[in-house]
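Enquirer: So that you have it, the file is work15.txt, and it contains compact mmCIF, C-alpha atoms and all ligand atoms:
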# COMPACT_ATOMS: atom_id res chain seq x y z
CA MET A 1 97.95 122.92 141.90
CA LYS A 2 97.91 121.46 138.34
CA LYS A 3 100.43 118.77 137.52
CA SER A 4 102.73 119.06 134.51
CA ILE A 5 101.87 116.90 131.44
CA ARG A 6 104.93 114.73 132.14
CA ALA A 7 103.81 114.18 135.74
CA HIS A 8 100.31 113.33 134.54
CA GLN A 9 101.63 110.79 132.00
CA LYS A 10 103.44 109.10 134.87
CA GLN A 11 100.25 109.23 136.94
CA ILE A 12 98.48 107.32 134.17
CA LEU A 13 100.71 104.27 134.75
CA MET A 14 102.03 104.62 138.29
CA PRO A 15 99.77 104.81 141.34
CA ALA A 16 100.40 107.84 143.55
CA PRO A 17 99.36 108.38 147.19
CA TYR A 18 96.31 110.51 148.04
CA SER A 19 94.64 111.08 151.38
CA ILE A 20 91.08 110.28 152.36
CA LEU A 21 89.46 113.60 153.24
CA GLN A 22 86.05 112.39 154.35
CA ILE A 23 83.95 109.22 154.52
CA GLU A 24 80.15 109.30 154.25
CA LYS A 25 78.22 106.10 155.00
CA HIS A 26 75.27 105.91 152.59
CA THR A 27 74.28 102.32 153.43
CA SER A 28 75.96 99.53 155.41
CA LEU A 29 77.69 98.35 152.21
CA GLU A 30 78.15 101.58 150.24
CA TRP A 31 80.34 104.39 151.50
CA ASN A 32 81.50 107.53 149.76
CA PHE A 33 85.22 108.23 150.04
CA ARG A 34 86.20 111.84 149.29
CA VAL A 35 89.87 111.71 148.33
CA SER A 36 92.39 114.43 147.52
CA CYS A 37 93.15 114.63 143.80
CA ASP A 38 95.46 116.67 141.56
CA PHE A 39 94.88 115.11 138.13
CA PRO A 40 92.26 115.98 135.49
CA VAL A 41 88.96 114.07 135.60
CA GLN A 42 85.77 114.07 133.51
CA TYR A 43 82.26 112.87 134.31
CA GLY A 44 81.99 109.15 133.50
CA GLN A 45 85.68 108.32 133.95
CA PHE A 46 87.12 105.91 136.49
CA VAL A 47 90.31 105.47 138.52
CA GLU A 48 92.25 102.42 139.69
CA VAL A 49 92.31 102.41 143.50
CA SER A 50 95.00 100.34 145.19
CA LEU A 51 96.31 99.41 148.60
CA PRO A 52 99.85 98.02 148.88
CA MET A 53 100.01 94.23 149.42
CA ILE A 54 96.23 93.94 148.91
CA GLY A 55 95.27 94.80 145.34
CA GLU A 56 93.66 97.18 142.94
CA ALA A 57 90.06 97.89 141.87
CA PRO A 58 88.56 100.14 139.17
CA ILE A 59 86.10 102.64 140.69
CA SER A 60 84.04 105.30 138.89
CA VAL A 61 84.64 108.92 139.81
CA SER A 62 81.17 109.74 141.10
CA ASP A 63 81.85 113.47 141.50
CA PHE A 64 84.77 115.86 141.63
CA GLY A 65 85.69 119.42 142.55
CA ASP A 66 88.71 121.55 143.24
CA GLY A 67 91.34 119.18 144.69
CA TRP A 68 89.04 116.23 145.41
CA ILE A 69 87.17 113.32 143.85
CA ASP A 70 84.33 111.23 145.28
CA LEU A 71 84.39 107.44 145.05
CA LEU A 72 81.18 105.66 146.05
CA ILE A 73 82.40 102.18 146.90
CA ARG A 74 80.40 99.00 147.46
CA ARG A 75 82.06 96.52 149.80
CA VAL A 76 82.28 93.22 147.90
CA GLY A 77 85.71 91.64 148.37
CA LYS A 78 89.42 91.93 149.05
CA VAL A 79 90.25 95.54 148.11
CA THR A 80 86.93 97.06 149.07
CA ASP A 81 86.94 95.23 152.47
CA ALA A 82 90.33 96.77 153.20
CA LEU A 83 89.16 100.23 152.10
CA PHE A 84 86.27 100.04 154.56
CA LYS A 85 88.78 99.70 157.43
CA LEU A 86 90.36 103.09 156.63
CA THR A 87 89.54 106.46 158.18
CA PRO A 88 89.99 110.11 157.07
CA GLY A 89 93.67 111.00 156.91
CA ASP A 90 94.66 107.52 155.71
CA ILE A 91 96.39 107.12 152.36
CA ILE A 92 95.07 105.24 149.32
CA TRP A 93 96.81 104.95 145.94
CA LEU A 94 95.24 106.12 142.69
CA ARG A 95 96.09 105.99 139.02
CA GLY A 96 94.01 107.45 136.22
CA ALA A 97 91.66 108.92 135.36
CA TYR A 98 90.70 106.43 132.64
CA GLY A 99 88.04 106.00 130.01
CA ASN A 100 86.24 108.35 127.67
CA GLY A 101 83.61 109.83 130.01
CA TYR A 102 80.66 111.90 128.80
CA ASP A 103 80.91 114.71 126.26
CA LEU A 104 78.72 117.39 127.87
CA ASN A 105 78.21 119.22 124.54
CA GLN A 106 76.22 116.20 123.36
CA PHE A 107 73.38 117.13 125.73
CA LEU A 108 73.25 120.91 125.28
CA ASN A 109 69.75 122.23 124.48
CA ARG A 110 68.35 118.69 124.23
CA SER A 111 65.90 116.88 126.47
CA LEU A 112 67.91 114.59 128.71
CA LEU A 113 66.63 111.54 130.57
CA ILE A 114 68.85 109.81 133.13
CA VAL A 115 67.86 106.34 134.33
CA ALA A 116 70.03 104.69 136.96
CA GLY A 117 69.62 101.75 139.30
CA GLY A 118 71.40 100.73 142.52
CA THR A 119 75.11 101.50 142.60
CA GLY A 120 74.67 102.58 138.95
CA VAL A 121 73.63 105.93 140.43
CA ALA A 122 77.26 106.52 141.52
CA PRO A 123 78.85 106.99 138.06
CA ILE A 124 76.21 109.57 137.05
CA LYS A 125 75.98 111.46 140.38
CA GLY A 126 78.40 114.22 139.37
CA LEU A 127 76.81 114.54 135.95
CA LEU A 128 73.37 114.84 137.57
CA ARG A 129 74.63 117.52 139.98
CA HIS A 130 76.19 119.37 137.03
CA TRP A 131 72.97 119.43 135.00
CA CYS A 132 70.90 120.39 138.07
CA GLU A 133 73.24 123.36 138.60
CA HIS A 134 73.01 124.28 134.89
CA SER A 135 69.48 123.13 134.11
CA GLU A 136 69.03 126.09 131.71
CA ARG A 137 71.55 124.40 129.37
CA VAL A 138 69.31 121.41 128.68
CA LYS A 139 65.78 121.58 127.30
CA ARG A 140 64.23 119.27 129.89
CA LEU A 141 65.90 117.16 132.57
CA SER A 142 64.11 114.03 133.79
CA VAL A 143 65.68 111.54 136.17
CA ILE A 144 64.54 108.09 137.32
CA LEU A 145 66.53 106.48 140.13
CA GLY A 146 65.69 102.98 141.32
CA TYR A 147 66.72 101.17 144.49
CA LYS A 148 65.93 97.73 145.87
CA ASN A 149 64.60 98.83 149.28
CA PRO A 150 64.71 101.83 151.67
CA GLU A 151 67.99 100.58 153.19
CA SER A 152 69.77 100.76 149.81
CA ILE A 153 68.92 104.38 148.91
CA LEU A 154 72.02 106.41 147.98
CA TYR A 155 72.47 110.21 148.09
CA LYS A 156 69.45 110.80 150.41
CA ASN A 157 70.86 114.24 151.33
CA GLU A 158 70.98 115.41 147.72
CA LEU A 159 67.52 114.27 146.59
CA GLU A 160 65.66 117.42 147.71
CA SER A 161 67.97 119.81 145.81
CA TRP A 162 67.81 117.60 142.67
CA ARG A 163 64.02 117.52 142.92
CA GLU A 164 63.93 121.33 142.72
CA LYS A 165 65.84 121.33 139.43
CA CYS A 166 64.54 118.32 137.51
CA ARG A 167 61.61 115.92 137.24
CA LEU A 168 62.81 113.29 139.66
CA TYR A 169 61.16 109.89 139.98
CA LEU A 170 62.30 107.42 142.65
CA THR A 171 61.39 103.75 142.74
CA LEU A 172 61.79 100.99 145.30
CA GLU A 173 61.38 97.31 144.41
CA GLU A 174 60.30 96.39 147.93
CA GLY A 175 59.45 98.08 151.22
CA MET A 176 58.31 101.68 151.26
CA ALA A 177 59.77 105.04 152.16
CA ASP A 178 58.05 108.47 151.98
CA LYS A 179 55.10 108.00 149.56
CA ASP A 180 55.42 111.57 148.24
CA TYR A 181 58.86 110.66 146.96
CA TYR A 182 58.94 106.98 146.09
CA SER A 183 56.76 104.58 144.15
CA LEU A 184 56.85 100.81 144.34
CA GLY A 185 58.18 99.10 141.21
CA ARG A 186 61.03 99.24 138.75
CA VAL A 187 62.62 102.17 136.92
CA THR A 188 60.99 100.97 133.69
CA ASP A 189 57.52 101.47 135.26
CA ARG A 190 58.21 105.20 135.57
CA LEU A 191 59.13 105.55 131.88
CA ASP A 192 55.37 105.84 131.27
CA ASP A 193 55.48 109.21 133.12
CA ILE A 194 58.18 110.69 130.86
CA ASP A 195 57.40 113.21 128.13
CA PHE A 196 58.66 111.66 124.89
CA THR A 197 57.24 114.30 122.50
CA ASP A 198 60.73 115.11 121.15
CA SER A 199 61.97 111.51 121.28
CA ASP A 200 63.70 111.74 117.87
CA GLU A 201 66.36 114.07 119.34
CA MET A 202 66.06 113.21 123.04
CA GLN A 203 69.19 111.92 124.82
CA ALA A 204 69.15 109.21 127.49
CA ILE A 205 71.82 107.91 129.86
CA VAL A 206 71.19 104.46 131.33
CA VAL A 207 73.41 103.01 134.07
CA GLY A 208 72.84 99.94 136.23
CA PRO A 209 72.84 96.14 136.15
CA PRO A 210 72.80 94.61 132.60
CA VAL A 211 69.21 93.33 132.93
CA MET A 212 68.00 96.82 133.91
CA ILE A 213 69.92 98.42 131.03
CA ARG A 214 68.40 95.96 128.54
CA SER A 215 64.79 96.43 129.64
CA THR A 216 65.16 100.22 129.87
CA VAL A 217 66.76 100.52 126.44
CA ASP A 218 64.03 98.29 124.91
CA LYS A 219 61.35 100.62 126.27
CA LEU A 220 63.22 103.77 125.21
CA THR A 221 63.55 102.54 121.64
CA MET A 222 59.84 101.67 121.66
CA HIS A 223 59.19 105.31 122.64
CA GLY A 224 61.18 106.46 119.60
CA LEU A 225 64.66 107.18 120.98
CA LYS A 226 67.45 106.53 118.53
CA ASP A 227 70.18 104.03 119.49
CA GLU A 228 72.85 106.71 118.91
CA ASN A 229 71.13 108.97 121.46
CA ILE A 230 71.12 106.36 124.24
CA TRP A 231 74.29 106.19 126.38
CA VAL A 232 75.16 103.16 128.46
CA ASP A 233 77.98 102.53 130.92
CA TYR A 234 79.75 99.20 130.40
CA GLU A 235 81.33 97.77 133.57
CA ARG A 236 83.83 95.04 132.66
CA ARG A 237 86.53 93.22 134.56
CA MET A 238 89.69 95.31 134.11
CA ALA A 239 93.35 94.96 134.99
CA CYS A 240 95.68 97.48 133.35
CA SER A 241 92.99 100.03 132.32
CA VAL A 242 95.37 101.40 129.66
CA GLY A 243 94.67 99.09 126.71
CA LYS A 244 97.59 96.68 127.27
CA CYS A 245 96.33 93.49 128.94
CA GLY A 246 93.16 92.73 126.96
CA HIS A 247 91.11 91.82 130.06
CA CYS A 248 88.35 94.24 129.11
CA ARG A 249 88.37 93.51 125.37
CA ILE A 250 85.11 92.65 123.57
CA GLY A 251 85.92 91.94 119.91
CA ASP A 252 87.95 94.93 118.73
CA VAL A 253 86.76 97.18 121.55
CA TYR A 254 88.83 97.95 124.63
CA VAL A 255 86.27 99.00 127.23
CA CYS A 256 88.97 100.73 129.34
CA LEU A 257 90.00 102.98 126.43
CA ASP A 258 86.96 103.19 124.13
CA GLY A 259 84.46 103.19 127.04
CA PRO A 260 83.17 102.73 129.62
CA VAL A 261 80.54 105.05 128.09
CA PHE A 262 79.11 103.86 124.74
CA THR A 263 76.17 104.82 122.61
CA TYR A 264 73.71 101.95 122.40
CA SER A 265 74.31 101.75 118.64
CA ASP A 266 77.92 100.75 119.48
CA ALA A 267 77.13 98.74 122.62
CA ARG A 268 74.53 96.48 120.99
CA CYS A 269 77.17 95.20 118.55
CA MET A 270 79.52 94.28 121.42
CA ILE A 271 78.78 90.61 121.96
CA ASP A 272 80.76 88.72 124.62
C1 LIG B 1 84.81 100.87 135.00
C2 LIG B 1 84.38 100.32 136.33
C3 LIG B 1 83.84 101.19 137.26
C4 LIG B 1 83.45 100.70 138.51
N1 LIG B 1 82.92 101.58 139.41
C5 LIG B 1 82.61 101.15 140.65
C6 LIG B 1 82.13 102.09 141.62
O1 LIG B 1 81.96 103.27 141.37
N2 LIG B 1 81.85 101.61 142.86
C7 LIG B 1 82.01 100.28 143.18
O2 LIG B 1 81.75 99.91 144.34
N3 LIG B 1 82.44 99.37 142.27
C8 LIG B 1 82.76 99.78 141.02
N4 LIG B 1 83.22 98.87 140.10
C9 LIG B 1 83.31 97.44 140.47
C10 LIG B 1 84.58 97.23 141.30
O3 LIG B 1 85.71 97.45 140.47
C11 LIG B 1 84.64 95.81 141.85
O4 LIG B 1 83.56 95.60 142.74
C12 LIG B 1 85.97 95.67 142.62
O5 LIG B 1 87.00 95.43 141.67
C13 LIG B 1 85.94 94.59 143.60
O6 LIG B 1 87.24 94.49 144.14
P1 LIG B 1 87.47 93.65 145.46
O7 LIG B 1 88.92 93.29 145.53
O8 LIG B 1 86.90 94.34 146.64
O9 LIG B 1 86.59 92.36 145.22
P2 LIG B 1 87.09 90.91 144.68
O10 LIG B 1 87.62 90.19 145.89
O11 LIG B 1 87.95 91.05 143.49
O12 LIG B 1 85.71 90.34 144.16
C14 LIG B 1 84.54 90.31 144.93
C15 LIG B 1 83.37 89.86 144.05
O13 LIG B 1 83.06 90.87 143.06
C16 LIG B 1 83.17 90.30 141.76
N5 LIG B 1 83.72 91.35 140.89
C17 LIG B 1 84.94 91.90 140.94
N6 LIG B 1 85.07 92.83 139.97
C18 LIG B 1 83.90 92.88 139.30
C19 LIG B 1 83.39 93.62 138.19
N7 LIG B 1 84.12 94.53 137.53
N8 LIG B 1 82.14 93.39 137.77
C20 LIG B 1 81.36 92.47 138.40
N9 LIG B 1 81.79 91.74 139.45
C21 LIG B 1 83.04 91.92 139.88
C22 LIG B 1 84.04 89.09 141.91
O14 LIG B 1 83.75 88.11 140.93
C23 LIG B 1 83.67 88.59 143.30
O15 LIG B 1 82.50 87.82 143.26
C24 LIG B 1 83.61 99.32 138.83
C25 LIG B 1 84.16 98.44 137.88
C26 LIG B 1 84.54 98.94 136.64
C27 LIG B 1 85.12 98.00 135.65
S1 LIG B 2 91.92 96.58 131.19
FE1 LIG B 2 93.74 96.03 130.18
S2 LIG B 2 93.25 96.37 128.11
FE2 LIG B 2 91.53 97.16 129.16
Could you rewrite the structure in this file as structure tokens?
Ligand SMILES: Cc1cc2nc3c(=O)[nH]c(=O)nc-3n(C[C@H](O)[C@H](O)[C@H](O)COP(=O)(O)OP(=O)(O)OC[C@H]3O[C@@H](n4cnc5c(N)ncnc54)[C@H](O)[C@@H]3O)c2cc1C
Ligand code: FES
Expert:
Amino acid sequence: MKKSIRAHQKQILMPAPYSILQIEKHTSLEWNFRVSCDFPVQYGQFVEVSLPMIGEAPISVSDFGDGWIDLLIRRVGKVTDALFKLTPGDIIWLRGAYGNGYDLNQFLNRSLLIVAGGTGVAPIKGLLRHWCEHSERVKRLSVILGYKNPESILYKNELESWREKCRLYLTLEEGMADKDYYSLGRVTDRLDDIDFTDSDEMQAIVVGPPVMIRSTVDKLTMHGLKDENIWVDYERRMACSVGKCGHCRIGDVYVCLDGPVFTYSDARCMID
């Protein structure tokens, strides 16, 4: 059931309780929490997840559907440790959704390349599923996903269905999994396999660690992509997520409000 606008405005500031519907263990450190949800969400947005007496953490909405959102969470500290002790049926607190997210119209009838590394795959998972389900709405869909080793691969169960709908390249930095699927190296190595014939209007989404974003964007611009057609996801320390505390501020930009998705033409001017 949809919430009223007044209820949603309250939701933006006040955490509300939601139940964990399902937990899927992707790796020992990264689990997907499917959580009930009754507020509007867009691809690329994030929520603040909290547990009373423990704390709060911003987490990207990795996918969503009718009455649920998926949160792919990496266990790194206080809040995420506590989340990993929960089971389906337990309650977590959410506020949001925050941030600008992706404007899907931007990609219609264009060639789209998605490059993501490690847990950077989580924020684009829903977007990738969406374009695989509607592949006729983009000119060409190419996807490069990179992981450190076979133990860190995320979304193993989805890879086959994505492969049927897009040109999917998978890389591992070390170790080896199925050779038909994976190649050894970095995501940037696979850029040489991408068709850049329409690079002047091609769109690219790049999500991952800063060093991976930098080297990928450098190579994309060398191949002729325009800075305004390259989209990056900026993960900053956040506190309020509503433009009040300044924790996420870089110059005049509030990453929680103006981002976390930026074109590279905007992002390259944001110097810490
Ligand atoms: C917009 C946004 C989206 C995010 N999406 C996801 C997601 O989908 N899945 C996910 O697992 N994590 C995501 N994160 C990172 C997540 O918010 C942090 O890992 C989390 O706050 C850690 O909380 P904690 O209490 O468990 O760890 P803490 O005890 O606070 O910290 C553990 C360690 O992580 C470091 N750390 C904490 N926050 C960050 C941060 N923002 N960036 C880099 N290092 C940090 C600390 O310095 C410390 O070393 C996102 C962050 C942002 C800003
Ligand atoms: S997190 Fe408080 S202003 Fe952005």
Enquirer: Show me the residues close to (84.5, 98.6, 148.6) - anything with an atom within 12 Å, counting all atoms listed in the file - and format the list as a ChimeraX atom specification.
Expert: /A:25,27-33,49-51,55-60,71-86,119
Enquirer: Any idea what the distance is between atom N4 of ligand LIG 1 (chain B) and CA of Gly101 in chain A?
Expert: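 CA of Gly101 in chain A lies at a distance of 14.9 Å from atom N4 of ligand LIG 1 (chain B).
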Enquirer: Step by step: start from the point (85.9, 117.8, 131.7) in the file's coordinates, keep every protein, DNA or RNA residue that has an atom no farther than 12 Å from it, count all atoms listed in the file, and write the set as a PyMOL selection string.
Expert: chain A and resi 39-45+63-65+97+100-105+126-127+130
Enquirer: Could you check which of A:Tyr147, A:Tyr264, A:Trp131, A:Tyr254 is closest to Ile230 in chain A, using only C-alpha atoms?
Expert: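 Going through A:Tyr147, A:Tyr264, A:Trp131, A:Tyr254 one by one, the smallest distance to Ile230 in chain A is for A:Tyr264.
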Enquirer: Return as JSON lines the residues of chain A lying at most 10 Å from ligand LIG 2 (chain B), together with the closest atom-to-atom pair for each and the distance in Å to one decimal, counting only C-alpha atoms and all ligand atoms, with rows in chain order and ascending residue number.
Expert:
{"residue": "A:Pro58", "atom": "CA", "partner": "B:LIG2", "partner_atom": "S1", "distance": 9.4}
{"residue": "A:Tyr98", "atom": "CA", "partner": "B:LIG2", "partner_atom": "FE2", "distance": 9.9}
{"residue": "A:Gly99", "atom": "CA", "partner": "B:LIG2", "partner_atom": "FE2", "distance": 9.5}
{"residue": "A:Arg236", "atom": "CA", "partner": "B:LIG2", "partner_atom": "S1", "distance": 8.4}
{"residue": "A:Arg237", "atom": "CA", "partner": "B:LIG2", "partner_atom": "S1", "distance": 7.2}
{"residue": "A:Met238", "atom": "CA", "partner": "B:LIG2", "partner_atom": "S1", "distance": 3.9}
{"residue": "A:Ala239", "atom": "CA", "partner": "B:LIG2", "partner_atom": "S1", "distance": 4.4}
{"residue": "A:Cys240", "atom": "CA", "partner": "B:LIG2", "partner_atom": "FE1", "distance": 4.0}
{"residue": "A:Ser241", "atom": "CA", "partner": "B:LIG2", "partner_atom": "S1", "distance": 3.8}
{"residue": "A:Val242", "atom": "CA", "partner": "B:LIG2", "partner_atom": "FE1", "distance": 5.6}
{"residue": "A:Gly243", "atom": "CA", "partner": "B:LIG2", "partner_atom": "S2", "distance": 3.4}
{"residue": "A:Lys244", "atom": "CA", "partner": "B:LIG2", "partner_atom": "S2", "distance": 4.4}
{"residue": "A:Cys245", "atom": "CA", "partner": "B:LIG2", "partner_atom": "FE1", "distance": 3.8}
{"residue": "A:Gly246", "atom": "CA", "partner": "B:LIG2", "partner_atom": "S2", "distance": 3.8}
{"residue": "A:His247", "atom": "CA", "partner": "B:LIG2", "partner_atom": "S1", "distance": 5.0}
{"residue": "A:Cys248", "atom": "CA", "partner": "B:LIG2", "partner_atom": "FE2", "distance": 4.3}
{"residue": "A:Arg249", "atom": "CA", "partner": "B:LIG2", "partner_atom": "FE2", "distance": 6.1}
{"residue": "A:Ile250", "atom": "CA", "partner": "B:LIG2", "partner_atom": "FE2", "distance": 9.6}
{"residue": "A:Val253", "atom": "CA", "partner": "B:LIG2", "partner_atom": "FE2", "distance": 9.0}
{"residue": "A:Tyr254", "atom": "CA", "partner": "B:LIG2", "partner_atom": "FE2", "distance": 5.3}
{"residue": "A:Val255", "atom": "CA", "partner": "B:LIG2", "partner_atom": "FE2", "distance": 5.9}
{"residue": "A:Cys256", "atom": "CA", "partner": "B:LIG2", "partner_atom": "FE2", "distance": 4.4}
{"residue": "A:Leu257", "atom": "CA", "partner": "B:LIG2", "partner_atom": "FE2", "distance": 6.6}
{"residue": "A:Asp258", "atom": "CA", "partner": "B:LIG2", "partner_atom": "FE2", "distance": 9.1}
{"residue": "A:Gly259", "atom": "CA", "partner": "B:LIG2", "partner_atom": "FE2", "distance": 9.5}
Enquirer: Can you tell me how far atom O2 of ligand LIG 1 (chain B) sits from CA of Val61 in chain A, in Å to one decimal?
Expert: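 Taking atom O2 of ligand LIG 1 (chain B) as the start and CA of Val61 in chain A as the end point, the length is 10.5 Å.
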Enquirer: Please identify every residue of range 111-164 of chain A that has at least one atom no farther than 12 Å from an atom of range 197-205 of chain A, counting only C-alpha atoms, and for each give the shortest atom pair and the distance in Å to one decimal, arranged by chain then increasing number, as JSON lines.
Expert:
{"residue": "A:Ser111", "atom": "CA", "partner": "A:Met202", "partner_atom": "CA", "distance": 5.0}
{"residue": "A:Leu112", "atom": "CA", "partner": "A:Gln203", "partner_atom": "CA", "distance": 4.9}
{"residue": "A:Leu113", "atom": "CA", "partner": "A:Ala204", "partner_atom": "CA", "distance": 4.6}
{"residue": "A:Ile114", "atom": "CA", "partner": "A:Ile205", "partner_atom": "CA", "distance": 4.8}
{"residue": "A:Val115", "atom": "CA", "partner": "A:Ile205", "partner_atom": "CA", "distance": 6.2}
{"residue": "A:Ala116", "atom": "CA", "partner": "A:Ile205", "partner_atom": "CA", "distance": 8.0}
{"residue": "A:Gly117", "atom": "CA", "partner": "A:Ile205", "partner_atom": "CA", "distance": 11.5}
{"residue": "A:Gly120", "atom": "CA", "partner": "A:Ile205", "partner_atom": "CA", "distance": 10.9}
{"residue": "A:Val121", "atom": "CA", "partner": "A:Ile205", "partner_atom": "CA", "distance": 10.9}
{"residue": "A:Pro123", "atom": "CA", "partner": "A:Ile205", "partner_atom": "CA", "distance": 10.8}
{"residue": "A:Ile124", "atom": "CA", "partner": "A:Ile205", "partner_atom": "CA", "distance": 8.6}
{"residue": "A:Lys125", "atom": "CA", "partner": "A:Ile205", "partner_atom": "CA", "distance": 11.9}
{"residue": "A:Leu127", "atom": "CA", "partner": "A:Ile205", "partner_atom": "CA", "distance": 10.3}
{"residue": "A:Leu128", "atom": "CA", "partner": "A:Ile205", "partner_atom": "CA", "distance": 10.5}
{"residue": "A:Val138", "atom": "CA", "partner": "A:Gln203", "partner_atom": "CA", "distance": 10.2}
{"residue": "A:Lys139", "atom": "CA", "partner": "A:Met202", "partner_atom": "CA", "distance": 9.4}
{"residue": "A:Arg140", "atom": "CA", "partner": "A:Met202", "partner_atom": "CA", "distance": 9.3}
{"residue": "A:Leu141", "atom": "CA", "partner": "A:Gln203", "partner_atom": "CA", "distance": 9.9}
{"residue": "A:Ser142", "atom": "CA", "partner": "A:Ala204", "partner_atom": "CA", "distance": 9.4}
{"residue": "A:Val143", "atom": "CA", "partner": "A:Ile205", "partner_atom": "CA", "distance": 9.5}
{"residue": "A:Ile144", "atom": "CA", "partner": "A:Ile205", "partner_atom": "CA", "distance": 10.4}
{"residue": "A:Leu145", "atom": "CA", "partner": "A:Ile205", "partner_atom": "CA", "distance": 11.6}
Enquirer: Rounded to one decimal place, report the CA of Gly146 in chain A-CA of Thr188 in chain A distance in Å.
Expert: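 Separating CA of Gly146 in chain A from CA of Thr188 in chain A is a distance of 9.2 Å.
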Enquirer: Taking into account only C-alpha atoms and all ligand atoms, which residue in the set A:Tyr18, A:Glu48, A:Leu172, A:Glu151 is nearest to ligand LIG 1 (chain B)?
Expert: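 Smallest distance to ligand LIG 1 (chain B) is found for A:Glu48.
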Enquirer: Have a look at A:Ile54, A:Ile91, A:Cys132, A:Leu154 and name the one nearest to ligand LIG 1 (chain B); count all atoms listed in the file.
Expert: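 Comparing A:Ile54, A:Ile91, A:Cys132, A:Leu154 against ligand LIG 1 (chain B), the winner is A:Ile54.
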Enquirer: A:Leu159, A:Glu235, A:Ala16, A:Lys148: which is nearest ligand LIG 1 (chain B), counting only C-alpha atoms and all ligand atoms?
Expert: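 Closest to ligand LIG 1 (chain B) of all the choices is A:Glu235.
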Enquirer: A:Leu21, A:Phe107, A:Glu174, A:Trp68: which is nearest Cys37 in chain A, counting all atoms listed in the file?
Expert: A:Trp68
Enquirer: For ligand LIG 1 (chain B), which residue out of A:Tyr182, A:Asp193, A:Pro209, A:Asn149 is the nearest one, using all atoms listed in the file?
Expert: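 Of A:Tyr182, A:Asp193, A:Pro209, A:Asn149, the one nearest ligand LIG 1 (chain B) is A:Pro209, counting all atoms listed in the file.
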